[in-house]
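Undergrad: Quick one: this structure, given as structure tokens, is what I'll be asking you about.
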Amino acid sequence: MLMLAGIVVLHITTIILLLVAAIDNAWWITNTVSTDLWGRWELTNSAWHYSNLKDYPEEYLQAVQATSVLACIFAILALLVFVAQLFTLPKGQRFTFTGILQLIACLCIMIAASIYTAKLHANDTVGGYGHSYVLAWISFVLTFILAITYLILRKKSE
């Protein structure tokens, strides 16, 4: 029972990290600019001003946005399926469908972070990756660990 509670807590933590990574405005940061997947914030006259991401290749930006949102959706769906399978799955069965959903979420966040790394800031010399970018990669590792855990986990008979 304690192991299942730990898995649920880890899964909820992963979902929160994925949501923060997708929403927060710190994928690329400099002293005066903070960029996320949806817009750009510039510091001028001691105030932050929002603008669209017009300098990015639109096809790559949309791919990053879509796969980030899909990662969140699949992770939430995997948690709901896991809870449903706890009550409906026969004893001795594996949580295969939950593991597959979590693996898809893992793949989506890996694709998003990889495209962002390779295509959107590959030539920039000023600035660096922010905490949202780091959270995306941490979420990738956690979703992969959870996917393997779900694929191995069996519903034990008590």
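Chains: A, B, ... in order of the structure tokens. Residues: from 1 per chain. Ligands: from 1, in order shown.
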Give me the residues near Ala26 in chain A as a list in words, where near means some atom within 8 Å (using only C-alpha atoms) and where sequence neighbours in that chain fewer than 3 positions away do not count.
TA: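 Counting only C-alpha atoms, the residues come to Ile29, Ser34, Thr35, Asp36, Tyr129, Gly130, His131, Ser132 and Tyr133 of chain A.
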Undergrad: Selection from above, C-alpha atoms, as a tab-separated table (two decimals), in the first residue's frame, can you write it?
TA:
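Wrote again.tsv, looks like this:
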```
chain	number	residue	atom	x	y	z
A	29	ILE	CA	16.49	33.77	-20.12
A	34	SER	CA	12.51	35.79	-20.47
A	35	THR	CA	11.03	33.45	-23.05
A	36	ASP	CA	8.59	30.58	-22.71
A	129	TYR	CA	18.23	27.86	-20.47
A	130	GLY	CA	15.93	28.65	-17.56
A	131	HIS	CA	14.31	26.60	-14.87
A	132	SER	CA	11.31	25.60	-17.00
A	133	TYR	CA	13.65	23.97	-19.50
```
Undergrad: Tell me, as a ChimeraX atom specification, which residues lie within 7 Å of range 72-87 of chain A, counting only C-alpha atoms; anything in the same chain fewer than 4 positions away does not count.
TA: /A:11,15,18-19,68,98,101-102,104-105
Undergrad: Under the rule that only C-alpha atoms are counted, which of A:Leu151, A:Val141, A:Val134, A:Ile12 is the nearest residue to Tyr116 in chain A?
TA: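 So, comparing all the options, the nearest one is A:Val134.
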Undergrad: With a distance cut-off of 10 Å and only C-alpha atoms, select the neighbouring residues of Tyr50 in chain A, excluding the residue or stretch itself and same-chain residues fewer than 4 positions from it, and output the selection as a list in words.
TA: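 Using only C-alpha atoms, the neighbours found are Val33, Ser34, Thr35, Gly39, Arg40, Trp41, Glu42 and Leu43 of chain A.
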Undergrad: Using the chain letters and numbers from this document, which residues of chain A does DSSP assign to alpha helix (DSSP H), as a ChimeraX atom specification?
TA: /A:2-23,58-88,96-115,131-152
Undergrad: Pick out the residues sitting within 12 Å of Ile138 in chain A, and hand them over as number ranges by chain; count only C-alpha atoms, and ignore anything fewer than 5 positions along from it in its own chain.
TA: A: 13-18, 20-21, 106, 109-110, 113, 131-133, 143-145
Undergrad: I need the residues from that last selection saved to file as a short mmCIF file (atom, residue, chain, number, x, y, z; two decimals), in the first residue's frame (with C-alpha atoms), if you can.
TA:
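Listed below is the output, out-v6.cif:
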```
data_model
loop_
_atom_site.label_atom_id
_atom_site.label_comp_id
_atom_site.auth_asym_id
_atom_site.auth_seq_id
_atom_site.Cartn_x
_atom_site.Cartn_y
_atom_site.Cartn_z
CA THR A 13 4.72 15.53 -8.72
CA THR A 14 5.63 14.73 -12.31
CA ILE A 15 2.36 16.20 -13.57
CA ILE A 16 2.97 19.39 -11.60
CA LEU A 17 6.51 19.66 -12.99
CA LEU A 18 5.22 19.14 -16.54
CA VAL A 20 5.05 24.30 -14.64
CA ALA A 21 7.49 23.59 -17.46
CA CYS A 106 7.81 10.68 -21.70
CA ILE A 109 8.35 15.84 -23.40
CA MET A 110 11.62 14.47 -24.79
CA ALA A 113 12.82 19.66 -25.14
CA HIS A 131 14.31 26.60 -14.87
CA SER A 132 11.31 25.60 -17.00
CA TYR A 133 13.65 23.97 -19.50
CA THR A 143 8.02 9.97 -16.55
CA PHE A 144 10.45 7.38 -17.91
CA ILE A 145 10.99 5.94 -14.43
#
```
Undergrad: Please, what distance in Å, to one decimal, runs between CA of Gly128 in chain A and CA of Val64 in chain A?
TA: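 These two atoms are separated by 17.8 Å.
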Undergrad: May I ask for the distance between CA of Val69 in chain A and CA of Phe97 in chain A, given in Å to one decimal place?
TA: 20.0 Å
Undergrad: DSSP on the backbone: what in chain A comes out strand (DSSP E), as a ChimeraX atom specification?
TA: /A:28-29,33-35,40-44,47-51,128-129
Undergrad: Let's have the selection written as a PDB file, in the first residue's frame, with N, CA, C and O atoms.
TA:
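Writing done, so here's result.pdb:
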```pdb
ATOM      1  N   TRP A  28      14.107  30.204 -21.873  1.00  0.00           N
ATOM      2  CA  TRP A  28      15.344  30.864 -22.270  1.00  0.00           C
ATOM      3  C   TRP A  28      15.365  32.223 -21.582  1.00  0.00           C
ATOM      4  O   TRP A  28      14.418  32.996 -21.700  1.00  0.00           O
ATOM      5  N   ILE A  29      16.448  32.515 -20.878  1.00  0.00           N
ATOM      6  CA  ILE A  29      16.491  33.766 -20.120  1.00  0.00           C
ATOM      7  C   ILE A  29      17.804  34.512 -20.355  1.00  0.00           C
ATOM      8  O   ILE A  29      18.851  33.898 -20.572  1.00  0.00           O
ATOM      9  N   VAL A  33      15.429  39.564 -20.962  1.00  0.00           N
ATOM     10  CA  VAL A  33      14.429  38.802 -21.713  1.00  0.00           C
ATOM     11  C   VAL A  33      14.173  37.477 -21.026  1.00  0.00           C
ATOM     12  O   VAL A  33      15.104  36.807 -20.563  1.00  0.00           O
ATOM     13  N   SER A  34      12.906  37.093 -20.974  1.00  0.00           N
ATOM     14  CA  SER A  34      12.507  35.790 -20.472  1.00  0.00           C
ATOM     15  C   SER A  34      11.512  35.200 -21.463  1.00  0.00           C
ATOM     16  O   SER A  34      10.488  35.812 -21.765  1.00  0.00           O
ATOM     17  N   THR A  35      11.832  34.039 -21.990  1.00  0.00           N
ATOM     18  CA  THR A  35      11.029  33.447 -23.052  1.00  0.00           C
ATOM     19  C   THR A  35      10.450  32.124 -22.586  1.00  0.00           C
ATOM     20  O   THR A  35      11.123  31.332 -21.926  1.00  0.00           O
ATOM     21  N   ARG A  40       7.205  36.102 -25.199  1.00  0.00           N
ATOM     22  CA  ARG A  40       8.496  36.655 -24.805  1.00  0.00           C
ATOM     23  C   ARG A  40       8.231  37.854 -23.896  1.00  0.00           C
ATOM     24  O   ARG A  40       7.399  38.705 -24.199  1.00  0.00           O
ATOM     25  N   TRP A  41       8.932  37.889 -22.786  1.00  0.00           N
ATOM     26  CA  TRP A  41       8.808  38.988 -21.834  1.00  0.00           C
ATOM     27  C   TRP A  41      10.104  39.782 -21.848  1.00  0.00           C
ATOM     28  O   TRP A  41      11.170  39.215 -21.653  1.00  0.00           O
ATOM     29  N   GLU A  42       9.992  41.105 -22.103  1.00  0.00           N
ATOM     30  CA  GLU A  42      11.175  41.968 -22.143  1.00  0.00           C
ATOM     31  C   GLU A  42      11.092  43.006 -21.034  1.00  0.00           C
ATOM     32  O   GLU A  42      10.045  43.603 -20.808  1.00  0.00           O
ATOM     33  N   LEU A  43      12.223  43.220 -20.383  1.00  0.00           N
ATOM     34  CA  LEU A  43      12.311  44.219 -19.322  1.00  0.00           C
ATOM     35  C   LEU A  43      12.748  45.544 -19.919  1.00  0.00           C
ATOM     36  O   LEU A  43      13.872  45.683 -20.376  1.00  0.00           O
ATOM     37  N   THR A  44      11.832  46.519 -19.923  1.00  0.00           N
ATOM     38  CA  THR A  44      12.150  47.859 -20.390  1.00  0.00           C
ATOM     39  C   THR A  44      11.555  48.862 -19.408  1.00  0.00           C
ATOM     40  O   THR A  44      10.386  48.746 -19.026  1.00  0.00           O
ATOM     41  N   ALA A  47       9.811  47.557 -16.197  1.00  0.00           N
ATOM     42  CA  ALA A  47       8.533  46.861 -16.333  1.00  0.00           C
ATOM     43  C   ALA A  47       8.666  45.771 -17.396  1.00  0.00           C
ATOM     44  O   ALA A  47       9.364  45.930 -18.383  1.00  0.00           O
ATOM     45  N   TRP A  48       7.976  44.660 -17.151  1.00  0.00           N
ATOM     46  CA  TRP A  48       8.008  43.551 -18.095  1.00  0.00           C
ATOM     47  C   TRP A  48       6.902  43.741 -19.126  1.00  0.00           C
ATOM     48  O   TRP A  48       5.760  44.009 -18.788  1.00  0.00           O
ATOM     49  N   HIS A  49       7.260  43.573 -20.408  1.00  0.00           N
ATOM     50  CA  HIS A  49       6.305  43.730 -21.504  1.00  0.00           C
ATOM     51  C   HIS A  49       6.261  42.437 -22.313  1.00  0.00           C
ATOM     52  O   HIS A  49       7.294  41.881 -22.677  1.00  0.00           O
ATOM     53  N   TYR A  50       5.046  41.992 -22.620  1.00  0.00           N
ATOM     54  CA  TYR A  50       4.826  40.755 -23.359  1.00  0.00           C
ATOM     55  C   TYR A  50       4.818  41.018 -24.862  1.00  0.00           C
ATOM     56  O   TYR A  50       4.288  42.014 -25.330  1.00  0.00           O
ATOM     57  N   SER A  51       5.410  40.091 -25.616  1.00  0.00           N
ATOM     58  CA  SER A  51       5.326  40.133 -27.077  1.00  0.00           C
ATOM     59  C   SER A  51       5.270  38.705 -27.599  1.00  0.00           C
ATOM     60  O   SER A  51       5.611  37.750 -26.898  1.00  0.00           O
ATOM     61  N   GLY A 128      20.742  31.881 -21.451  1.00  0.00           N
ATOM     62  CA  GLY A 128      20.849  30.461 -21.163  1.00  0.00           C
ATOM     63  C   GLY A 128      19.486  29.867 -20.884  1.00  0.00           C
ATOM     64  O   GLY A 128      18.471  30.564 -20.813  1.00  0.00           O
ATOM     65  N   TYR A 129      19.478  28.568 -20.736  1.00  0.00           N
ATOM     66  CA  TYR A 129      18.233  27.862 -20.470  1.00  0.00           C
ATOM     67  C   TYR A 129      17.785  28.117 -19.041  1.00  0.00           C
ATOM     68  O   TYR A 129      18.579  28.102 -18.116  1.00  0.00           O
TER      69      TYR A 129
END
```
Undergrad: Please, what distance in Å, to one decimal, runs between CA of Leu70 in chain A and CA of Ile111 in chain A?
TA: 10.8 Å
Undergrad: Between A:Gly99, A:Pro57, A:Gly6, A:Pro90, which is the closest to Ala118 in chain A once you count only C-alpha atoms?
TA: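 Smallest separation from Ala118 in chain A among the options: A:Pro57.
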Undergrad: Between A:Thr67, A:Asn31, A:Asn52, A:Asn45, which one has atoms that come closest to Ser114 in chain A, using only C-alpha atoms?
TA: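 Closest residue, counting only C-alpha atoms: A:Thr67.
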Undergrad: With distances taken over only C-alpha atoms, which of A:Ala71, A:Ala112, A:Leu2, A:Ile7 is nearest to Leu153 in chain A?
TA: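 Closest candidate: A:Ile7.
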